[in-house]
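S.K.: What follows is data16.tsv, made up of TSV, C-alpha atoms and all ligand atoms:
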chain	number	residue	atom	x	y	z
A	20	MET	CA	-50.62	-71.57	98.46
A	21	SER	CA	-54.36	-71.08	98.63
A	22	ASN	CA	-56.85	-73.79	97.87
A	23	ILE	CA	-57.02	-74.70	94.15
A	24	LEU	CA	-60.58	-73.93	93.09
A	25	LEU	CA	-60.30	-74.94	89.42
A	26	LYS	CA	-57.99	-77.56	87.98
A	27	VAL	CA	-58.13	-78.40	84.28
A	28	ASP	CA	-56.10	-81.41	83.19
A	29	GLY	CA	-55.53	-82.55	79.59
A	30	LEU	CA	-58.80	-81.06	78.33
A	31	LYS	CA	-59.65	-81.86	74.70
A	32	LYS	CA	-62.63	-81.17	72.48
A	33	SER	CA	-63.16	-82.30	68.90
A	34	PHE	CA	-66.16	-81.57	66.71
A	35	PHE	CA	-67.17	-83.32	63.51
A	36	ILE	CA	-68.12	-80.81	60.83
A	37	PRO	CA	-69.50	-81.35	57.29
A	38	ASP	CA	-66.86	-81.97	54.62
A	39	GLY	CA	-68.35	-81.18	51.21
A	40	MET	CA	-71.18	-83.22	49.75
A	41	PHE	CA	-72.26	-86.86	50.28
A	42	GLY	CA	-72.57	-86.45	54.08
A	43	LYS	CA	-68.83	-86.77	54.71
A	44	LYS	CA	-67.45	-85.31	57.96
A	45	LYS	CA	-64.06	-84.08	59.12
A	46	MET	CA	-62.70	-83.59	62.61
A	47	LEU	CA	-62.03	-80.13	64.06
A	48	LYS	CA	-59.80	-80.19	67.15
A	49	ALA	CA	-60.97	-77.03	68.92
A	50	VAL	CA	-59.19	-77.65	72.23
A	51	HIS	CA	-56.05	-79.77	72.34
A	52	ASP	CA	-54.63	-80.86	75.69
A	53	VAL	CA	-55.24	-77.77	77.83
A	54	SER	CA	-54.11	-77.84	81.48
A	55	PHE	CA	-54.03	-75.10	84.12
A	56	MET	CA	-55.24	-74.36	87.63
A	57	ILE	CA	-56.61	-71.34	89.51
A	58	PRO	CA	-56.13	-70.80	93.25
A	59	GLU	CA	-59.27	-69.65	95.06
A	60	GLY	CA	-59.83	-65.88	94.94
A	61	LYS	CA	-57.49	-65.37	91.97
A	62	THR	CA	-57.90	-64.57	88.27
A	63	PHE	CA	-56.51	-66.68	85.42
A	64	SER	CA	-56.88	-65.11	81.99
A	65	LEU	CA	-56.93	-67.08	78.75
A	66	VAL	CA	-55.74	-64.88	75.90
A	67	GLY	CA	-55.43	-65.46	72.17
A	68	GLU	CA	-56.78	-64.62	68.74
A	69	SER	CA	-60.36	-65.30	67.77
A	70	GLY	CA	-60.76	-69.01	66.97
A	71	CYS	CA	-57.91	-70.21	69.24
A	72	GLY	CA	-60.25	-72.27	71.45
A	73	LYS	CA	-60.42	-70.06	74.55
A	74	SER	CA	-64.23	-69.65	74.56
A	75	THR	CA	-64.68	-73.37	73.89
A	76	THR	CA	-62.45	-74.04	76.90
A	77	GLY	CA	-64.72	-71.83	79.05
A	78	ARG	CA	-67.81	-73.66	77.84
A	79	LEU	CA	-66.21	-77.05	78.49
A	80	ILE	CA	-65.41	-76.08	82.07
A	81	SER	CA	-68.96	-74.89	82.68
A	82	ARG	CA	-70.26	-78.05	80.93
A	83	LEU	CA	-72.26	-76.07	78.39
A	84	ILE	CA	-70.55	-78.51	76.03
A	85	GLU	CA	-69.14	-81.96	76.77
A	86	PRO	CA	-65.36	-82.57	76.82
A	87	SER	CA	-63.97	-85.28	74.52
A	88	GLU	CA	-61.13	-86.04	76.97
A	89	GLY	CA	-59.56	-84.66	80.12
A	90	GLU	CA	-60.66	-83.69	83.61
A	91	VAL	CA	-62.17	-80.57	85.17
A	92	TRP	CA	-61.91	-80.37	88.96
A	93	ILE	CA	-63.97	-77.70	90.71
A	94	ASP	CA	-63.49	-77.28	94.44
A	95	GLY	CA	-61.90	-80.73	94.73
A	96	GLU	CA	-64.53	-82.55	92.68
A	97	ASP	CA	-64.15	-83.99	89.17
A	98	VAL	CA	-67.18	-82.66	87.28
A	99	SER	CA	-66.06	-83.67	83.80
A	100	ARG	CA	-67.80	-87.05	83.73
A	101	LYS	CA	-70.87	-86.20	85.81
A	102	LYS	CA	-74.25	-86.67	84.19
A	103	GLU	CA	-76.51	-83.64	83.70
A	104	SER	CA	-78.72	-84.78	86.62
A	105	GLN	CA	-75.64	-84.70	88.93
A	106	LEU	CA	-74.55	-81.22	87.95
A	107	LYS	CA	-77.04	-79.09	89.88
A	108	ALA	CA	-74.65	-78.22	92.72
A	109	MET	CA	-71.86	-77.45	90.25
A	110	ARG	CA	-74.12	-75.17	88.22
A	111	LYS	CA	-74.72	-73.02	91.33
A	112	LYS	CA	-70.98	-72.73	91.97
A	113	VAL	CA	-70.04	-71.80	88.40
A	114	GLN	CA	-71.63	-68.87	86.57
A	115	MET	CA	-70.84	-67.23	83.23
A	116	ILE	CA	-70.72	-63.65	82.02
A	117	PHE	CA	-70.90	-63.24	78.25
A	118	GLN	CA	-69.48	-60.79	75.73
A	119	ASP	CA	-72.71	-59.38	74.43
A	120	PRO	CA	-74.95	-58.64	77.40
A	121	TYR	CA	-77.84	-57.66	75.14
A	122	ALA	CA	-77.88	-60.99	73.31
A	123	SER	CA	-77.69	-62.90	76.59
A	124	LEU	CA	-80.58	-61.01	78.26
A	125	ASN	CA	-84.13	-61.94	77.31
A	126	PRO	CA	-85.71	-58.75	75.82
A	127	ARG	CA	-89.22	-59.78	76.93
A	128	MET	CA	-88.31	-60.11	80.60
A	129	LYS	CA	-87.96	-57.36	83.18
A	130	VAL	CA	-84.58	-57.01	84.87
A	131	ARG	CA	-85.93	-58.37	88.17
A	132	ASP	CA	-86.98	-61.60	86.39
A	133	ILE	CA	-83.75	-61.88	84.36
A	134	VAL	CA	-81.58	-61.49	87.46
A	135	GLY	CA	-83.91	-63.59	89.64
A	136	GLU	CA	-84.34	-66.44	87.12
A	137	PRO	CA	-81.50	-68.61	88.56
A	138	LEU	CA	-83.19	-68.34	91.99
A	139	ALA	CA	-86.49	-69.46	90.44
A	140	ILE	CA	-84.72	-72.47	88.88
A	141	HIS	CA	-82.47	-73.52	91.75
A	142	THR	CA	-84.36	-72.50	94.93
A	143	LYS	CA	-87.83	-72.63	96.46
A	144	LEU	CA	-87.87	-68.94	97.40
A	145	SER	CA	-91.14	-67.07	96.99
A	146	ARG	CA	-91.40	-64.34	94.36
A	147	ALA	CA	-91.21	-61.65	97.06
A	148	GLU	CA	-88.08	-63.23	98.54
A	149	ARG	CA	-86.48	-63.47	95.08
A	150	TYR	CA	-87.22	-59.82	94.29
A	151	LYS	CA	-85.71	-58.80	97.65
A	152	GLN	CA	-82.46	-60.57	96.77
A	153	VAL	CA	-82.54	-59.07	93.26
A	154	ALA	CA	-82.83	-55.56	94.73
A	155	GLU	CA	-79.83	-56.26	96.99
A	156	ILE	CA	-77.63	-57.62	94.21
A	157	LEU	CA	-78.54	-54.73	91.86
A	158	GLU	CA	-77.20	-52.34	94.53
A	159	VAL	CA	-73.99	-54.37	94.71
A	160	VAL	CA	-73.34	-53.95	90.96
A	161	GLY	CA	-74.12	-50.23	90.93
A	162	LEU	CA	-77.80	-50.32	89.85
A	163	ASN	CA	-80.86	-49.94	92.07
A	164	GLU	CA	-84.38	-51.19	92.73
A	165	TYR	CA	-85.82	-48.71	90.23
A	166	HIS	CA	-83.94	-50.51	87.43
A	167	ALA	CA	-85.51	-53.85	88.40
A	168	ASN	CA	-88.82	-52.95	86.78
A	169	ARG	CA	-87.41	-52.06	83.37
A	170	TYR	CA	-86.45	-54.05	80.26
A	171	ALA	CA	-82.88	-54.74	79.10
A	172	HIS	CA	-83.22	-52.63	75.93
A	173	GLU	CA	-83.74	-49.52	78.09
A	174	PHE	CA	-80.13	-49.71	79.35
A	175	SER	CA	-76.72	-48.71	77.99
A	176	GLY	CA	-74.11	-51.39	77.15
A	177	GLY	CA	-72.28	-50.89	80.46
A	178	GLN	CA	-75.53	-51.09	82.45
A	179	ARG	CA	-76.53	-54.25	80.57
A	180	GLN	CA	-73.22	-55.84	81.51
A	181	ARG	CA	-73.93	-54.90	85.14
A	182	ILE	CA	-77.26	-56.74	84.82
A	183	GLY	CA	-75.37	-59.77	83.42
A	184	ILE	CA	-72.97	-59.62	86.36
A	185	ALA	CA	-75.87	-59.35	88.85
A	186	ARG	CA	-77.47	-62.44	87.30
A	187	ALA	CA	-74.18	-64.32	87.60
A	188	LEU	CA	-73.74	-63.25	91.23
A	189	ILE	CA	-77.20	-63.99	92.55
A	190	MET	CA	-76.45	-67.68	93.17
A	191	LYS	CA	-73.34	-66.73	95.21
A	192	PRO	CA	-70.99	-68.62	92.87
A	193	ARG	CA	-67.39	-69.58	93.66
A	194	LEU	CA	-66.13	-69.44	90.06
A	195	ILE	CA	-67.10	-66.93	87.38
A	196	ILE	CA	-66.17	-67.56	83.75
A	197	ALA	CA	-66.17	-64.17	82.02
A	198	ASP	CA	-66.02	-64.61	78.23
A	199	GLU	CA	-64.88	-61.32	76.63
A	200	PRO	CA	-67.02	-59.38	79.15
A	201	VAL	CA	-65.80	-55.92	78.10
A	202	SER	CA	-64.85	-56.26	74.44
A	203	ALA	CA	-68.20	-54.88	73.21
A	204	LEU	CA	-67.91	-51.78	75.43
A	205	ASP	CA	-66.30	-48.33	75.01
A	206	VAL	CA	-62.84	-48.02	76.58
A	207	SER	CA	-64.03	-45.79	79.46
A	208	ILE	CA	-66.86	-48.21	80.27
A	209	GLN	CA	-64.46	-51.16	80.02
A	210	ALA	CA	-62.42	-49.68	82.88
A	211	GLN	CA	-65.57	-49.27	85.03
A	212	ILE	CA	-66.64	-52.88	84.49
A	213	LEU	CA	-63.11	-54.22	85.13
A	214	ASN	CA	-62.92	-52.20	88.36
A	215	LEU	CA	-66.34	-53.52	89.38
A	216	LEU	CA	-65.22	-57.11	88.75
A	217	LYS	CA	-62.09	-56.53	90.85
A	218	ASP	CA	-64.12	-55.01	93.71
A	219	LEU	CA	-66.60	-57.90	93.61
A	220	GLN	CA	-63.74	-60.39	93.65
A	221	SER	CA	-62.33	-59.03	96.88
A	222	GLU	CA	-65.76	-58.57	98.47
A	223	PHE	CA	-67.03	-62.08	97.70
A	224	HIS	CA	-63.68	-63.94	97.38
A	225	LEU	CA	-64.55	-64.91	93.80
A	226	THR	CA	-62.32	-66.89	91.47
A	227	TYR	CA	-62.30	-65.74	87.83
A	228	LEU	CA	-61.50	-67.41	84.54
A	229	PHE	CA	-61.27	-64.36	82.30
A	230	ILE	CA	-61.30	-64.88	78.52
A	231	SER	CA	-60.07	-62.14	76.19
A	232	HIS	CA	-58.40	-61.58	72.82
A	233	ASP	CA	-56.60	-58.56	74.27
A	234	LEU	CA	-53.58	-58.81	76.60
A	235	SER	CA	-53.87	-55.13	77.57
A	236	VAL	CA	-57.41	-55.73	78.91
A	237	VAL	CA	-56.34	-58.60	81.16
A	238	GLU	CA	-53.21	-56.89	82.51
A	239	HIS	CA	-54.95	-55.19	85.43
A	240	ILE	CA	-57.28	-57.98	86.43
A	241	SER	CA	-55.09	-61.10	86.15
A	242	ASN	CA	-52.90	-62.96	88.61
A	243	TYR	CA	-52.06	-65.62	86.03
A	244	ILE	CA	-52.18	-65.69	82.24
A	245	GLY	CA	-52.38	-68.50	79.71
A	246	VAL	CA	-51.70	-67.65	76.07
A	247	MET	CA	-53.60	-69.90	73.66
A	248	TYR	CA	-52.78	-70.67	70.05
A	249	LEU	CA	-54.73	-73.06	67.85
A	250	GLY	CA	-56.38	-74.96	70.68
A	251	THR	CA	-53.42	-75.23	73.04
A	252	ILE	CA	-51.72	-73.14	75.75
A	253	VAL	CA	-48.28	-72.14	74.47
A	254	GLU	CA	-47.21	-70.10	77.50
A	255	SER	CA	-48.59	-69.55	80.98
A	256	GLY	CA	-47.52	-68.27	84.36
A	257	PRO	CA	-47.82	-65.39	86.79
A	258	LYS	CA	-48.83	-62.14	85.08
A	259	GLU	CA	-45.55	-60.42	85.99
A	260	ALA	CA	-43.52	-63.19	84.31
A	261	ILE	CA	-45.61	-63.08	81.13
A	262	PHE	CA	-45.43	-59.28	80.83
A	263	SER	CA	-41.82	-58.70	81.92
A	264	ASN	CA	-40.18	-61.84	80.56
A	265	PRO	CA	-42.25	-63.40	77.74
A	266	LYS	CA	-40.51	-66.43	76.27
A	267	HIS	CA	-42.77	-67.70	73.50
A	268	PRO	CA	-42.57	-65.86	70.14
A	269	TYR	CA	-46.38	-65.73	69.94
A	270	THR	CA	-46.67	-64.05	73.35
A	271	LYS	CA	-43.96	-61.59	72.31
A	272	ALA	CA	-45.95	-60.73	69.16
A	273	LEU	CA	-49.17	-60.18	71.15
A	274	LEU	CA	-47.35	-57.97	73.67
A	275	SER	CA	-45.69	-55.93	70.92
A	276	SER	CA	-49.11	-54.87	69.63
A	277	ILE	CA	-50.09	-53.18	72.93
A	278	PRO	CA	-49.80	-49.38	72.52
A	279	ILE	CA	-47.46	-47.59	74.96
A	280	PRO	CA	-49.07	-44.40	76.35
A	281	ASP	CA	-45.73	-42.50	76.57
A	282	PRO	CA	-44.88	-41.18	73.03
A	283	LYS	CA	-41.14	-41.04	73.96
A	284	LEU	CA	-41.07	-44.80	74.49
A	285	ARG	CA	-41.13	-47.07	71.45
A	286	ARG	CA	-41.59	-50.79	71.11
A	287	GLU	CA	-40.82	-52.71	67.98
A	288	ARG	CA	-44.03	-54.22	66.64
A	289	ILE	CA	-43.84	-57.87	65.60
A	290	ILE	CA	-46.25	-58.40	62.72
A	291	LEU	CA	-47.33	-62.01	62.34
A	292	GLN	CA	-47.66	-63.19	58.76
A	293	GLY	CA	-50.80	-64.96	57.60
A	294	ASP	CA	-53.96	-65.97	59.41
A	295	LEU	CA	-54.55	-68.51	62.15
A	296	PRO	CA	-54.35	-71.93	60.40
A	297	SER	CA	-57.44	-74.13	60.38
A	298	PRO	CA	-57.82	-76.40	63.43
A	299	VAL	CA	-59.15	-79.02	60.99
A	300	ASN	CA	-55.66	-79.39	59.55
A	301	PRO	CA	-53.19	-77.88	62.05
A	302	PRO	CA	-49.51	-77.51	61.05
A	303	SER	CA	-47.17	-80.38	61.91
A	304	GLY	CA	-44.58	-80.05	64.69
A	305	CYS	CA	-45.07	-76.74	66.49
A	306	ARG	CA	-48.50	-75.45	65.54
A	307	PHE	CA	-47.13	-71.91	65.39
A	308	HIS	CA	-44.27	-72.65	62.96
A	309	THR	CA	-46.07	-71.32	59.86
A	310	ARG	CA	-46.15	-67.81	61.40
A	311	CYS	CA	-43.24	-67.83	63.81
A	312	PRO	CA	-40.46	-65.31	63.10
A	313	ALA	CA	-37.99	-67.56	64.98
A	314	ALA	CA	-38.96	-70.92	63.43
A	315	MET	CA	-36.16	-73.46	62.90
A	316	GLY	CA	-35.99	-76.73	60.97
A	317	ILE	CA	-36.97	-78.84	63.97
A	318	CYS	CA	-40.14	-76.79	64.52
A	319	LYS	CA	-41.78	-78.26	61.40
A	320	VAL	CA	-41.37	-81.87	62.49
A	321	LYS	CA	-41.29	-82.02	66.29
A	322	GLU	CA	-43.93	-80.76	68.67
A	323	PRO	CA	-42.15	-78.81	71.44
A	324	SER	CA	-42.39	-80.29	74.90
A	325	VAL	CA	-43.60	-78.18	77.79
A	326	TYR	CA	-40.88	-76.61	79.94
A	327	ARG	CA	-41.85	-75.44	83.44
A	328	ASP	CA	-39.52	-73.13	85.35
A	329	PRO	CA	-39.70	-74.61	88.87
A	330	ALA	CA	-38.79	-71.30	90.52
A	331	THR	CA	-41.45	-69.11	88.89
A	332	GLY	CA	-44.08	-71.54	87.57
A	333	HIS	CA	-43.55	-70.02	84.12
A	334	VAL	CA	-44.54	-72.64	81.51
A	335	THR	CA	-43.50	-72.48	77.83
A	336	ALA	CA	-43.93	-74.85	74.89
A	337	CYS	CA	-41.18	-73.82	72.45
A	338	HIS	CA	-37.95	-75.47	71.22
A	339	LEU	CA	-36.11	-72.24	72.02
A	340	VAL	CA	-36.63	-72.61	75.77
A	341	GLU	CA	-36.43	-76.37	76.22
A	342	SER	CA	-33.89	-77.36	78.84
B	401	LIG	FE1	-41.34	-70.72	66.98
B	401	LIG	FE2	-40.18	-73.12	66.89
B	401	LIG	FE3	-40.74	-72.01	69.22
B	401	LIG	FE4	-42.67	-72.95	67.67
B	401	LIG	S1	-41.08	-74.15	68.65
B	401	LIG	S2	-42.66	-71.02	68.75
B	401	LIG	S3	-41.91	-72.42	65.66
B	401	LIG	S4	-39.29	-71.25	67.68
Go ahead and express the file in the form of structure tokens.
M.R.:
Amino acid sequence: MSNILLKVDGLKKSFFIPDGMFGKKKMLKAVHDVSFMIPEGKTFSLVGESGCGKSTTGRLISRLIEPSEGEVWIDGEDVSRKKESQLKAMRKKVQMIFQDPYASLNPRMKVRDIVGEPLAIHTKLSRAERYKQVAEILEVVGLNEYHANRYAHEFSGGQRQRIGIARALIMKPRLIIADEPVSALDVSIQAQILNLLKDLQSEFHLTYLFISHDLSVVEHISNYIGVMYLGTIVESGPKEAIFSNPKHPYTKALLSSIPIPDPKLRRERIILQGDLPSPVNPPSGCRFHTRCPAAMGICKVKEPSVYRDPATGHVTACHLVES
């Protein structure tokens, strides 16, 4: 097996949020005991409904927010307890791409300064040297030097995401955390950006943590998938295992909502009842039991343990598949 570039072990994050008047607070458990690893040069996708904790997990790994518990190992080094002053090297290795490229690009800066800003922060390169590297990286993402002198608002959504990717690439990172990078784009543009990310991965041997609410989007880019529900991973494993042999009822429901292009083929849609429960007061036992079509009596009282298939690495947390 290749080198493990990212290892996340028992990651937890709780926030205190206001609870009515009189300054009272209540605890929101956004991420609850998340563990997974990504071999170098591969893509692990975290998938789940909005509010399941996948974006918070990405931000914890990149240390945009502080973990409450757990460890994050990047390239063999535990970065979870490092102080901000010790994180400079890690910040060069890990870069993020965000959902809304327009919101993440400063409208008052020219593209050459947006893309070159990490070089200005982390290196002593002269302005001319920075602009030379910017021109090179713009070519790599399908733009050119002409675009460097323009402002972000002059570009289409797909072009803006290319600028965001160029900015992420300019520090030659090892790990890219892409948080819903195509969900704001038209379907045809989504395919272009996904293909670009795949090409860049093989050219620069990049490792991706890809975050999406949509299993169909991650199908073509992932090697491994983790399905998140209410702050925890309920099923994970190689992409083929998740798509061809899903075991958790939540994964089955997500897969059933993917349209099949062939009109002769039909798939029974599993409609989940109700909304995602609040992470402030998660259901007892299995967190999914209030919406699970296969829930049994035990599911309300006992949290399922995690079963790992030693042959395939397929991991499931459900009483139905416990050995
Ligand atoms: Fe459904 Fe029970 Fe499995 Fe939870 S443990 S997913 S409620 S069957």
S.K.: Name each residue within 6 Å of ligand LIG 401 (chain B), counting all atoms listed in the file, as a compact mmCIF listing (two decimals) with C-alpha atoms, in the coordinates of the input.
M.R.:
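Contents of the output file selection-v2.txt:
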# COMPACT_ATOMS: atom_id res chain seq x y z
CA HIS A 267 -42.77 -67.70 73.50
CA PRO A 268 -42.57 -65.86 70.14
CA CYS A 305 -45.07 -76.74 66.49
CA PHE A 307 -47.13 -71.91 65.39
CA HIS A 308 -44.27 -72.65 62.96
CA CYS A 311 -43.24 -67.83 63.81
CA ALA A 313 -37.99 -67.56 64.98
CA ALA A 314 -38.96 -70.92 63.43
CA MET A 315 -36.16 -73.46 62.90
CA CYS A 318 -40.14 -76.79 64.52
CA PRO A 323 -42.15 -78.81 71.44
CA CYS A 337 -41.18 -73.82 72.45
CA HIS A 338 -37.95 -75.47 71.22
CA LEU A 339 -36.11 -72.24 72.02
S.K.: From the set A:Ile252, A:Ile57, A:Val160, A:Val340, which residue has the shortest atom-to-atom contact distance to Lys217 (chain A), counting only C-alpha atoms?
M.R.: A:Val160
S.K.: Compile the contact shell of Arg288 (chain A) as a list in words: residues with an atom at most 9 Å away, counting only C-alpha atoms, same-chain residues fewer than 5 positions apart removed.
M.R.: Ala272, Leu274, Ser275, Ser276 and Ile277 of chain A
S.K.: Which is closest to Thr76 (chain A) among A:Lys107, A:Arg193, A:His51, A:Arg169, if we use all atoms listed in the file?
M.R.: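 When distances to Thr76 (chain A) are compared using all atoms listed in the file, the smallest one comes from A:His51.
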S.K.: Please identify all polymer residues within 10 Å of region 117-128 of chain A, counting all atoms listed in the file, omitting same-chain residues fewer than 5 positions from it, and present them as a PyMOL selection string.
M.R.: chain A and resi 74+133-134+136+168-184+186-187+196-204+230-231
